[in-house]
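One structure below.
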Amino acid sequence: MVNKKKISFDVTVYDSFNELKSDDQNLMSAAVSARQRAYAPYSSFNVGASVLLENGEIIEGNNQENASYPSGLCAERVAVFYAGAKYPGMKIKAIAITAASLNHEVSEPAAPCGNCRQAISEYEFRQGQPIKILLMGETGSVIECNSLADLLPLGFNSSFLN
C-alpha cells in the first residue's frame with residue numbers, strides 16, 4: 001500500500017532586522033560583522049554566521065574561499081566547527097546567517113547549502129534539542145526557523161549507522 005505524506009513547516013518572517021528581539025539582533029549583528037570579514041575573492045559572495053551557545057558565548061564564522069573551489073569552507077561550518085572545537089559538548093541555541101554580494105544587492109534571506117545543513121543537523125541531533133535558525137540577506141526580511149530539521153527534513157544522522 002502506498003501512502004502519501006506531506007512534510008511542511010512554519011517559519012516566522014520579520015519585515016526587517018529592526019523587528020527582531022534584541023537578543024536576535026545581537027546575534028545577527030555578529031553575523032553581519034563576520035560577513036564583512038569574509039574571504040570571497042572568487043565569488044564576491046560574502047557570508048557571515050554567528051552561533052549562540054548555551055553558555056551565552058557567540059562564535060562567529062565567515063566563508064573562506066580557495067582558488068581550488070572545493071577546498072574552501074562555508075561560514076556556517078566555520079562557526080559551528082569552531083564552536084564545537086572551543087566549547088566541546090556545549091549546546092547550540094541559535095545560528096544567524098547573512099549573505100551579501102559585491103555584485104548586486106541580496107535582499108532575500110540566503111539559506112545554508114546542503115553540506116552546511118548536514119553539519120548543523122549533526123549538532124542538532126547530537127544535542128537532542130532544536131537549533132533556531134535566523135536567515136537574512138543584506139537588506140529586507142529575516143526568516144526564523146524553529147529547527148534545522150525544518151530545512152533538512154528526512155535528514156541523515158548517526159542513528160542510521162547503529
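As shown in the C-alpha cells, the chain order sets the letters A, B, ...; within each chain, residues go from 1, and ligands are also counted from 1 in the order they appear.
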Which neighbours of Glu144 in chain A fall inside 9 Å, counting only C-alpha atoms, when residues of the same chain fewer than 2 positions from it are skipped, and could you give them as a list in words?
->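 Counting only the stated atoms, we get Val11, Thr12, Val13, Tyr14, Lys132, Ile133, Leu134, Leu135, Val142, Asn146 and Ser147 of chain A.
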Apply DSSP to the backbone of this structure and, from range 10-123 of chain A, keep only the residues in helix (DSSP H, G or I); write these as a ChimeraX atom specification.
-> /A:17-19,22-36,69-71,75-86,114-123
Choose the residue, out of A:Ile120, A:Val2, A:Ala40, A:Ala85, that has the smallest atom-to-atom separation from Gly72 in chain A; count only C-alpha atoms.
->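 Smallest distance to Gly72 in chain A is found for A:Ala40.
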Using only C-alpha atoms, the residue out of A:Asn18, A:Gln129, A:Ser50, A:Ser121 with shortest distance to Ala96 in chain A is A:Ser50
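Closest approach to Ser141 in chain A among A:Glu65, A:Glu57, A:Glu108, A:Glu76: A:Glu108, based on only C-alpha atoms.
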Select from range 30-149 of chain A everything DSSP, run on the backbone, classes as strand (DSSP E or B), then give the selection as number ranges by chain.
-> A: 39, 45-53, 58-62, 64, 73, 92-101, 132-136, 142-145
Rounded to one decimal place, report the CA of Cys145 in chain A-CA of Asp10 in chain A distance in Å.
->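 Computing the Euclidean distance for CA of Cys145 in chain A and CA of Asp10 in chain A yields 7.3 Å.
Of the residues listed (A:Glu60, A:Asp150, A:Asp15, A:Glu105), A:Glu60 shows the shortest atom-to-atom separation from Ser33 in chain A; distances use only C-alpha atoms.
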Name the residues in contact with Gly48 in chain A at a cut-off of 6 Å, using only C-alpha atoms, excluding same-chain residues fewer than 2 positions from it; report them as an MDAnalysis selection string.
-> chainID A and resid 31:32 34:35 61:62 75 97:98
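For the pair CA of Ser22 in chain A and CA of Leu52 in chain A, the separation is 13.4 Å.
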Which one is closest to Ser68 in chain A: A:Met1, A:Glu122, A:Ser29, A:Tyr42? Count only C-alpha atoms.
->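 Closest to Ser68 in chain A of all the choices is A:Tyr42.
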Need to verify the contact set: Arg126 in chain A, 10 Å, only C-alpha atoms, exclusion of same-chain residues closer than 6 positions in sequence. Can you return it as a compact mmCIF listing (two decimals) with N, CA, C and O atoms, in the first residue's frame?
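Contents of out15.txt, as written:
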```
# COMPACT_ATOMS: atom_id res chain seq x y z
N GLY A 89 30.81 19.86 23.48
CA GLY A 89 29.66 19.45 24.27
C GLY A 89 28.69 20.56 24.63
O GLY A 89 27.61 20.30 25.14
N LYS A 91 25.83 23.09 24.08
CA LYS A 91 24.70 23.11 23.16
C LYS A 91 24.61 24.43 22.41
O LYS A 91 24.91 25.49 22.95
N ILE A 120 25.10 21.15 10.50
CA ILE A 120 24.31 21.70 11.61
C ILE A 120 23.35 20.64 12.13
O ILE A 120 23.13 20.52 13.34
N ASN A 157 21.42 10.88 10.01
CA ASN A 157 22.16 11.06 11.27
C ASN A 157 22.75 9.74 11.71
O ASN A 157 22.56 8.70 11.05
N SER A 158 23.44 9.75 12.82
CA SER A 158 24.18 8.58 13.29
C SER A 158 23.28 7.41 13.64
O SER A 158 23.76 6.27 13.70
```
Please identify all polymer residues within 6 Å of Asn63 in chain A, counting only C-alpha atoms, omitting same-chain residues fewer than 6 positions from it, and present them as an mmCIF file with all heavy atoms, in the first residue's frame.
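So the final result, stored in result-v5.cif, reads:
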```
data_model
loop_
_atom_site.group_PDB
_atom_site.id
_atom_site.type_symbol
_atom_site.label_atom_id
_atom_site.label_comp_id
_atom_site.auth_asym_id
_atom_site.auth_seq_id
_atom_site.Cartn_x
_atom_site.Cartn_y
_atom_site.Cartn_z
ATOM 1 N N ALA A 38 34.628 38.306 5.532
ATOM 2 C CA ALA A 38 34.712 37.076 4.740
ATOM 3 C C ALA A 38 35.825 37.177 3.698
ATOM 4 O O ALA A 38 36.179 38.273 3.246
ATOM 5 C CB ALA A 38 33.380 36.809 4.051
ATOM 6 N N VAL A 47 29.479 35.643 3.177
ATOM 7 C CA VAL A 47 28.526 35.069 4.116
ATOM 8 C C VAL A 47 29.123 35.138 5.512
ATOM 9 O O VAL A 47 30.304 34.862 5.711
ATOM 10 C CB VAL A 47 28.181 33.611 3.750
ATOM 11 C CG1 VAL A 47 27.164 33.027 4.729
ATOM 12 C CG2 VAL A 47 27.664 33.512 2.322
ATOM 13 N N LEU A 73 35.552 26.806 2.617
ATOM 14 C CA LEU A 73 34.612 26.381 3.645
ATOM 15 C C LEU A 73 33.573 27.481 3.855
ATOM 16 O O LEU A 73 33.902 28.665 3.869
ATOM 17 C CB LEU A 73 35.353 26.092 4.958
ATOM 18 C CG LEU A 73 34.636 25.238 5.978
ATOM 19 C CD1 LEU A 73 34.255 23.867 5.429
ATOM 20 C CD2 LEU A 73 35.515 25.054 7.201
ATOM 21 N N CYS A 74 32.341 27.063 4.030
ATOM 22 C CA CYS A 74 31.230 27.992 4.232
ATOM 23 C C CYS A 74 31.247 28.581 5.639
ATOM 24 O O CYS A 74 31.759 27.978 6.582
ATOM 25 C CB CYS A 74 29.903 27.275 4.021
ATOM 26 S SG CYS A 74 29.671 26.582 2.380
ATOM 27 N N ALA A 75 30.642 29.754 5.776
ATOM 28 C CA ALA A 75 30.587 30.463 7.054
ATOM 29 C C ALA A 75 29.931 29.640 8.149
ATOM 30 O O ALA A 75 30.398 29.624 9.296
ATOM 31 C CB ALA A 75 29.832 31.780 6.875
#
```
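In this structure, CA of Tyr69 in chain A sits 25.4 Å away from CA of Ser107 in chain A.
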